[in-house]
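Undergrad: What follows is final_35.cif; its format and atoms are mmCIF, C-alpha atoms and all ligand atoms.
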```cif
data_data
#
loop_
_atom_site.label_atom_id
_atom_site.label_comp_id
_atom_site.auth_asym_id
_atom_site.auth_seq_id
_atom_site.Cartn_x
_atom_site.Cartn_y
_atom_site.Cartn_z
CA MET A 2 132.88 -91.24 137.82
CA ARG A 3 130.74 -90.00 140.73
CA HIS A 4 131.23 -90.32 144.50
CA TYR A 5 128.48 -90.07 147.11
CA LEU A 6 130.07 -88.29 150.06
CA GLN A 7 127.39 -85.76 150.97
CA PHE A 8 123.66 -85.55 150.30
CA LYS A 9 124.19 -82.48 148.11
CA ASP A 10 126.38 -84.52 145.72
CA LEU A 11 123.19 -85.43 143.80
CA SER A 12 120.49 -83.13 142.40
CA ALA A 13 116.74 -83.21 143.06
CA GLU A 14 116.24 -84.66 139.60
CA GLU A 15 118.76 -87.43 140.31
CA TYR A 16 117.00 -88.20 143.60
CA ASP A 17 113.71 -88.54 141.73
CA TYR A 18 115.32 -91.08 139.45
CA LEU A 19 117.15 -92.89 142.26
CA LEU A 20 114.10 -93.19 144.51
CA GLY A 21 112.10 -94.53 141.58
CA ARG A 22 114.75 -97.18 141.04
CA ALA A 23 114.71 -97.99 144.77
CA THR A 24 110.95 -98.54 144.58
CA LEU A 25 111.39 -100.95 141.68
CA ILE A 26 114.33 -102.76 143.26
CA LYS A 27 112.42 -103.16 146.53
CA LYS A 28 109.38 -104.53 144.69
CA ARG A 29 111.51 -107.10 142.88
CA PHE A 30 113.12 -108.13 146.17
CA LYS A 31 109.71 -108.55 147.83
CA ASN A 32 108.53 -110.69 144.90
CA TYR A 33 111.65 -112.90 145.10
CA GLU A 34 112.61 -111.77 141.58
CA LYS A 35 116.29 -112.20 140.90
CA TYR A 36 117.99 -108.96 139.84
CA THR A 37 121.75 -109.26 139.46
CA PRO A 38 123.05 -106.29 137.41
CA LEU A 39 126.23 -106.10 139.53
CA PHE A 40 127.32 -109.64 138.65
CA ASP A 41 131.12 -109.88 138.95
CA ARG A 42 131.41 -106.49 140.71
CA THR A 43 133.04 -106.14 144.11
CA LEU A 44 132.26 -103.74 146.94
CA ALA A 45 134.93 -103.02 149.56
CA MET A 46 133.55 -101.86 152.91
CA ILE A 47 135.86 -100.07 155.33
CA PHE A 48 134.60 -99.71 158.89
CA GLU A 49 136.55 -97.57 161.34
CA LYS A 50 133.47 -97.40 163.61
CA ALA A 51 130.90 -100.00 164.69
CA SER A 52 127.83 -100.80 162.55
CA THR A 53 124.88 -103.16 162.29
CA ARG A 54 122.55 -101.65 159.66
CA THR A 55 125.17 -100.22 157.33
CA ARG A 56 127.15 -103.45 157.30
CA VAL A 57 124.18 -105.75 156.75
CA SER A 58 122.39 -103.51 154.23
CA PHE A 59 125.43 -102.99 152.00
CA GLU A 60 126.63 -106.58 152.26
CA ALA A 61 123.25 -108.24 151.71
CA GLY A 62 122.38 -105.67 149.01
CA MET A 63 125.56 -106.29 147.04
CA TYR A 64 125.13 -110.09 147.15
CA GLN A 65 121.51 -109.77 146.07
CA MET A 66 122.65 -107.75 143.06
CA GLY A 67 125.03 -110.52 142.05
CA GLY A 68 128.24 -108.97 143.35
CA SER A 69 130.59 -109.76 146.19
CA VAL A 70 131.91 -107.92 149.22
CA VAL A 71 135.21 -107.44 151.05
CA ASN A 72 135.01 -106.14 154.61
CA LEU A 73 137.91 -104.26 156.20
CA THR A 74 138.24 -102.65 159.61
CA SER A 75 141.04 -100.56 161.09
CA GLY A 76 141.78 -103.44 163.46
CA ASP A 77 142.39 -106.08 160.80
CA SER A 78 143.98 -104.06 157.99
CA GLN A 79 146.98 -101.76 157.54
CA LEU A 80 144.58 -98.81 157.91
CA GLY A 81 144.96 -99.17 161.67
CA ARG A 82 148.76 -99.29 161.35
CA ALA A 83 149.17 -95.85 159.82
CA GLU A 84 149.30 -96.72 156.11
CA PRO A 85 148.40 -93.40 154.46
CA ILE A 86 144.75 -93.19 153.41
CA GLU A 87 145.86 -92.07 149.94
CA ASP A 88 147.94 -95.24 149.47
CA SER A 89 145.09 -97.40 150.75
CA ALA A 90 142.77 -95.74 148.24
CA ARG A 91 145.17 -96.28 145.33
CA VAL A 92 145.54 -99.98 146.15
CA ILE A 93 141.99 -100.92 147.13
CA SER A 94 140.43 -99.10 144.18
CA ARG A 95 142.56 -101.08 141.71
CA MET A 96 140.94 -104.30 142.93
CA VAL A 97 137.29 -103.50 143.53
CA ASP A 98 134.52 -101.59 141.73
CA VAL A 99 133.06 -99.48 144.53
CA VAL A 100 134.08 -98.59 148.08
CA MET A 101 131.92 -97.77 151.11
CA ILE A 102 133.66 -96.09 154.05
CA ARG A 103 132.57 -95.37 157.62
CA THR A 104 135.12 -93.23 159.40
CA PHE A 105 135.73 -90.24 161.68
CA GLU A 106 136.69 -86.92 160.03
CA HIS A 107 135.04 -86.25 156.68
CA THR A 108 138.43 -85.08 155.34
CA LYS A 109 139.53 -88.73 155.51
CA ILE A 110 136.86 -89.96 153.11
CA GLU A 111 137.57 -86.96 150.85
CA ALA A 112 141.26 -87.91 150.76
CA PHE A 113 140.32 -91.50 149.93
CA ALA A 114 137.94 -90.40 147.16
CA ALA A 115 140.53 -88.06 145.67
CA HIS A 116 142.88 -91.02 145.16
CA SER A 117 140.29 -93.64 144.22
CA ARG A 118 139.73 -95.01 140.72
CA VAL A 119 136.22 -96.12 141.66
CA PRO A 120 133.13 -94.53 143.25
CA VAL A 121 133.28 -93.96 147.01
CA ILE A 122 130.16 -93.97 149.19
CA ASN A 123 129.95 -92.34 152.62
CA GLY A 124 128.67 -94.89 155.17
CA LEU A 125 128.87 -92.20 157.92
CA THR A 126 131.47 -89.67 158.96
CA ASN A 127 131.49 -87.35 161.97
CA GLU A 128 129.89 -84.73 159.74
CA TYR A 129 127.44 -86.54 157.40
CA HIS A 130 125.33 -89.70 156.95
CA PRO A 131 123.84 -89.36 153.44
CA CYS A 132 122.79 -93.01 152.93
CA GLN A 133 120.64 -92.77 156.05
CA ILE A 134 118.83 -89.63 154.93
CA LEU A 135 118.35 -91.20 151.49
CA ALA A 136 116.54 -94.07 153.25
CA ASP A 137 114.61 -91.65 155.47
CA VAL A 138 113.36 -89.57 152.55
CA PHE A 139 112.40 -92.76 150.68
CA THR A 140 110.52 -93.99 153.76
CA TYR A 141 108.68 -90.68 154.11
CA ILE A 142 107.62 -90.76 150.47
CA GLU A 143 106.50 -94.40 150.74
CA HIS A 144 104.21 -93.55 153.64
CA ARG A 145 103.05 -90.02 152.82
CA GLY A 146 103.98 -89.05 149.25
CA SER A 147 106.15 -86.10 148.23
CA ILE A 148 108.31 -84.47 150.93
CA ARG A 149 108.52 -81.17 149.01
CA GLY A 150 107.02 -78.32 151.05
CA LYS A 151 106.70 -80.44 154.20
CA VAL A 152 108.16 -79.74 157.66
CA VAL A 153 110.69 -82.07 159.25
CA ALA A 154 111.52 -81.46 162.93
CA TRP A 155 115.00 -82.35 164.15
CA VAL A 156 115.18 -82.64 167.95
CA GLY A 157 118.56 -83.22 169.60
CA ASP A 158 122.21 -83.05 168.62
CA GLY A 159 123.45 -80.88 165.74
CA ASN A 160 125.35 -83.92 164.46
CA ASN A 161 126.05 -85.80 161.21
CA MET A 162 122.35 -86.66 160.81
CA ALA A 163 121.24 -83.07 161.44
CA ASN A 164 123.74 -81.68 158.91
CA THR A 165 122.55 -84.16 156.31
CA TRP A 166 118.87 -83.42 156.95
CA LEU A 167 119.68 -79.77 156.35
CA GLN A 168 121.32 -80.57 153.01
CA ALA A 169 118.30 -82.68 152.07
CA ALA A 170 115.92 -79.81 152.92
CA ASP A 171 117.92 -77.55 150.63
CA VAL A 172 118.13 -80.03 147.73
CA LEU A 173 114.59 -81.42 147.93
CA GLY A 174 112.67 -78.30 148.96
CA PHE A 175 111.27 -78.90 152.43
CA THR A 176 111.73 -77.03 155.71
CA LEU A 177 113.84 -78.31 158.60
CA HIS A 178 112.84 -77.19 162.09
CA VAL A 179 115.85 -77.63 164.37
CA SER A 180 115.98 -77.60 168.15
CA THR A 181 119.26 -78.45 169.88
CA PRO A 182 120.56 -77.66 173.36
CA SER A 183 122.82 -74.64 173.46
CA GLY A 184 126.37 -75.58 172.55
CA TYR A 185 125.20 -78.39 170.24
CA GLU A 186 123.78 -76.31 167.38
CA ILE A 187 124.17 -77.18 163.70
CA ASP A 188 127.22 -75.46 162.27
CA ALA A 189 125.90 -73.95 159.04
CA LYS A 190 129.40 -73.92 157.56
CA VAL A 191 129.82 -77.65 158.17
CA ALA A 192 126.31 -78.36 156.90
CA GLY A 193 127.30 -76.41 153.79
CA VAL A 194 123.85 -74.92 153.14
CA SER A 195 123.70 -71.23 152.31
CA ASN A 196 119.91 -71.14 151.77
CA GLN A 197 118.61 -69.96 155.16
CA ALA A 198 114.99 -70.33 153.97
CA CYS A 199 115.07 -74.11 154.40
CA VAL A 200 115.89 -74.04 158.12
CA LYS A 201 114.13 -72.60 161.19
CA VAL A 202 115.82 -72.78 164.58
CA PHE A 203 113.83 -73.11 167.84
CA ASP A 204 115.04 -72.98 171.46
CA ASN A 205 112.17 -75.15 172.62
CA PRO A 206 111.80 -78.61 171.02
CA MET A 207 108.00 -78.41 171.39
CA ASP A 208 107.99 -75.38 169.10
CA ALA A 209 110.13 -77.24 166.55
CA CYS A 210 107.62 -80.10 166.50
CA ARG A 211 104.56 -77.86 166.11
CA GLY A 212 102.88 -78.68 162.79
CA ALA A 213 105.68 -81.05 161.70
CA HIS A 214 104.98 -83.85 159.22
CA LEU A 215 107.98 -85.82 160.47
CA VAL A 216 109.70 -85.73 163.86
CA THR A 217 113.12 -87.29 164.07
CA THR A 218 116.01 -87.56 166.50
CA ASP A 219 119.23 -89.47 167.13
CA VAL A 220 121.48 -90.53 169.99
CA TRP A 221 122.77 -87.81 172.32
CA THR A 222 126.33 -89.12 172.05
CA SER A 223 127.50 -90.13 168.59
CA MET A 224 130.35 -92.53 167.93
CA GLY A 225 133.66 -90.83 168.58
CA TYR A 226 132.20 -88.45 171.21
CA GLU A 227 131.97 -90.93 174.10
CA ALA A 228 134.20 -88.81 176.37
CA GLU A 229 131.45 -86.13 176.36
CA ASN A 230 128.71 -88.56 177.38
CA GLU A 231 128.15 -87.31 180.93
CA ALA A 232 127.93 -83.64 179.94
CA ARG A 233 125.61 -84.54 177.06
CA GLN A 234 123.22 -86.52 179.29
CA LYS A 235 122.72 -83.36 181.34
CA ALA A 236 122.53 -80.93 178.43
CA PHE A 237 120.02 -83.01 176.42
CA ALA A 238 117.60 -83.91 179.24
CA ASP A 239 114.81 -81.69 177.84
CA TRP A 240 115.31 -82.92 174.27
CA ARG A 241 113.83 -86.40 174.72
CA VAL A 242 111.13 -86.95 172.09
CA ASP A 243 107.92 -87.77 173.94
CA ARG A 244 104.19 -88.07 173.29
CA ASP A 245 103.64 -84.36 174.01
CA MET A 246 105.97 -83.41 171.17
CA LEU A 247 104.11 -85.66 168.73
CA ALA A 248 100.77 -84.29 169.99
CA VAL A 249 101.58 -80.77 168.67
CA ALA A 250 102.76 -82.10 165.28
CA GLN A 251 100.45 -83.02 162.37
CA PRO A 252 97.87 -85.68 163.36
CA ASP A 253 99.49 -88.13 160.93
CA VAL A 254 103.08 -87.23 161.88
CA LEU A 255 105.74 -89.89 161.31
CA PHE A 256 108.53 -90.60 163.78
CA MET A 257 111.97 -91.70 162.56
CA HIS A 258 115.26 -92.58 164.24
CA CYS A 259 118.28 -93.86 162.33
CA LEU A 260 118.97 -96.39 165.14
CA PRO A 261 120.53 -97.64 167.33
CA ALA A 262 118.14 -96.01 169.84
CA HIS A 263 118.22 -95.60 173.60
CA ARG A 264 114.68 -95.76 174.95
CA GLY A 265 114.26 -93.36 177.86
CA GLU A 266 117.14 -91.15 176.65
CA GLU A 267 116.60 -89.40 173.30
CA VAL A 268 113.17 -90.99 172.78
CA ASP A 269 110.45 -92.48 174.98
CA ALA A 270 109.53 -96.11 174.37
CA ASP A 271 105.89 -95.22 173.65
CA VAL A 272 107.05 -93.00 170.77
CA ILE A 273 109.56 -95.30 169.08
CA ASP A 274 107.31 -98.34 169.65
CA GLY A 275 104.11 -96.36 169.06
CA PRO A 276 101.76 -95.95 166.06
CA HIS A 277 103.58 -92.99 164.45
CA SER A 278 106.95 -94.75 164.34
CA VAL A 279 108.27 -96.14 161.05
CA VAL A 280 111.77 -96.98 162.29
CA TRP A 281 111.75 -100.61 161.11
CA ASP A 282 110.73 -99.64 157.56
CA GLU A 283 113.38 -96.93 157.75
CA ALA A 284 116.08 -99.45 158.68
CA GLU A 285 115.02 -101.94 155.98
CA ASN A 286 114.94 -99.22 153.35
CA ARG A 287 118.67 -98.60 153.83
CA MET A 288 119.21 -101.75 151.78
CA HIS A 289 116.83 -100.87 148.95
CA VAL A 290 118.07 -97.30 148.45
CA GLN A 291 121.72 -98.32 148.63
CA LYS A 292 121.14 -100.99 145.98
CA ALA A 293 119.72 -98.25 143.76
CA LEU A 294 122.66 -96.00 144.63
CA MET A 295 125.26 -98.66 143.75
CA GLU A 296 123.43 -99.42 140.53
CA TYR A 297 123.47 -95.71 139.64
CA LEU A 298 127.12 -95.12 140.51
CA LEU A 299 128.30 -98.25 138.67
CA LEU A 300 125.94 -98.54 135.71
CA GLY A 301 124.42 -95.07 135.30
CA ARG A 302 120.77 -94.75 134.29
CA ILE A 303 118.99 -97.95 133.35
CA GLY A 304 116.67 -97.91 130.36
N1 LIG B 401 121.75 -96.16 161.23
C1 LIG B 401 122.95 -96.73 161.08
O1 LIG B 401 123.81 -96.28 160.30
O2 LIG B 401 123.13 -97.87 161.81
P1 LIG B 401 124.48 -98.66 162.05
O3 LIG B 401 125.38 -97.81 162.91
O4 LIG B 401 124.05 -99.92 162.75
O5 LIG B 401 125.13 -98.96 160.72
N1 LIG B 402 124.88 -89.90 164.96
C1 LIG B 402 125.13 -91.32 165.16
C2 LIG B 402 124.49 -92.12 164.07
C3 LIG B 402 124.67 -93.61 164.20
C4 LIG B 402 124.10 -94.36 163.03
C5 LIG B 402 126.64 -91.57 165.22
O1 LIG B 402 127.37 -90.94 164.44
O2 LIG B 402 127.08 -92.37 166.05
#
```
Let me see whether you can do it: turn the structure in this file into structure tokens.
TA:
Amino acid sequence: MRHYLQFKDLSAEEYDYLLGRATLIKKRFKNYEKYTPLFDRTLAMIFEKASTRTRVSFEAGMYQMGGSVVNLTSGDSQLGRAEPIEDSARVISRMVDVVMIRTFEHTKIEAFAAHSRVPVINGLTNEYHPCQILADVFTYIEHRGSIRGKVVAWVGDGNNMANTWLQAADVLGFTLHVSTPSGYEIDAKVAGVSNQACVKVFDNPMDACRGAHLVTTDVWTSMGYEAENEARQKAFADWRVDRDMLAVAQPDVLFMHCLPAHRGEEVDADVIDGPHSVVWDEAENRMHVQKALMEYLLLGRIG
């Protein structure tokens, strides 16, 4: 049994396979071809934080594959009334076939996984967001071909997305340019990447974007950090992705944002709504890659 808690839980070779499956699964979906290999299987989703994309993509994806879904939140389950996470894992995993969790500390999802009889998928923790980067890499490849050897520029917070991009750079063989305000750097220990060759750190976000094939950012204040919002607004003021940053990147640079976005904060409207942006494909692709991921975790390799 395999869990998917961090991007580095799968190898480059497994990503090749998985992204190939995602391409096929997406094509079938677009052609209205029924594909229901998860008939009779149940996904439990546990949300301790808000979500639009993760909820809809997992729920719609599971139904499309013939399965069903149970949705739990801290507010409407015993999870919010201090039932130990280990006990919740033991019980829930006796009744369903796969569990997706969105929570705060990564240690919580690790504790759940350690006591689960079924695969556990990370739908975002404070530290990582692997399903999102899976969709982002898939989207890059769809538009531009292989990401190996390319340069991805991360502008903004050294958060869950940034950590996961760094793991992806290490596993898939591209370079991550990172520019964060001081005090918000990526913590290499948390990111868990020892290969320093895959990351280059820049004080100035313009320098990070220079020559990049993909420029990407995220909110300045992630879920769970709302108390820091005012300080962050000040600290991040020079890290808004604008047209000037895209102008120093590759002429065919792509712009991505995991969404939700705040136009005029971390990104200007003419960037996210402009010709380089692929954010809507990126959001849609969450569903296709997660269908491939659930297929892989539950059924192994097909054919
Ligand atoms: N990108 C992402 O995970 O979106 P949601 O918070 O809406 O799920
Ligand atoms: N970094 C953001 C991503 C939201 C999808 C957060 O954790 O809130």
Undergrad: For each of A:Arg54, A:Arg145, A:His107, A:Lys27, take the minimum atom-to-atom distance to ligand LIG 402 (chain B), counting all atoms listed in the file, then give the residue where this is smallest.
TA: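 Among the listed residues, the smallest separation from ligand LIG 402 (chain B) belongs to A:Arg54.
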Undergrad: With only C-alpha atoms as the basis for distance, which of A:Ile187, A:Leu73, A:Leu125, A:Leu294 is at the shortest distance from Gln168 (chain A)?
TA: A:Ile187
Undergrad: Any residue with an atom at most 8 Å from ligand LIG 402 (chain B) counts, using all atoms listed in the file. Which are they? Put them as a list in words.
TA: Ser52, Leu125, Thr126, Asn127, His130, Gln133, Asn160, Asn161, Met162, Asp219, Val220, Trp221, Thr222, Ser223, Met224, Gly225, Cys259, Leu260 and Pro261 of chain A
Undergrad: Of the candidates A:Val156, A:Leu167, A:Leu25, A:Leu215, which shows the shortest atom-to-atom distance to Asp239 (chain A), using all atoms listed in the file?
TA: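 So, comparing all the options, the nearest one is A:Val156.
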Undergrad: In Å to one decimal, how far is CA of Phe237 (chain A) from CA of Phe203 (chain A)?
TA: 14.5 Å
Undergrad: Expressed in Å to a single decimal, how great is the separation between CA of Gln291 (chain A) and CA of Val242 (chain A)?
TA: 28.1 Å
Undergrad: By how many Å are CA of Thr74 (chain A) and CA of Gln7 (chain A) apart?
TA: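 The value is 21.9 Å.
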Undergrad: Nearest to Ser183 (chain A): which of A:Val200, A:Ala213, A:Ala136, A:Lys235 is it, counting all atoms listed in the file?
TA: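 Residue with the minimum atom-to-atom distance to Ser183 (chain A): A:Lys235.
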Undergrad: With all atoms listed in the file as the basis for distance, which of A:Leu19, A:Leu6, A:Ala270, A:Ala45 is at the shortest distance from Gly301 (chain A)?
TA: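 For Gly301 (chain A), the nearest of the given residues is A:Leu19.
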Undergrad: Using all atoms listed in the file, can you tell me which of A:Pro85, A:Gly62, A:Gly124, A:Gly146 comes closest to ligand LIG 401 (chain B)?
TA: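 The shortest atom-to-atom distance to ligand LIG 401 (chain B) comes from A:Gly124.
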Undergrad: Edge lengths and centre, in Å to one decimal, as lines of an AutoDock Vina configuration file: that's what I need for the box along x, y and z that holds all listed atoms of ligand LIG 401 (chain B) plus 8 Å on each side.
TA:
```
center_x = 123.6
center_y = -98.0
center_z = 161.6
size_x = 19.6
size_y = 19.8
size_z = 18.6
```
Undergrad: Would you pick out the contacts of Gln79 (chain A) at 12 Å or less, using only C-alpha atoms, so that residues sharing its chain but fewer than 4 positions from it are not included, and give the list as JSON, numbers by chain?
TA: {"A": [47, 49, 73, 74, 75, 83, 84, 85, 86, 88, 89, 90, 92, 93]}
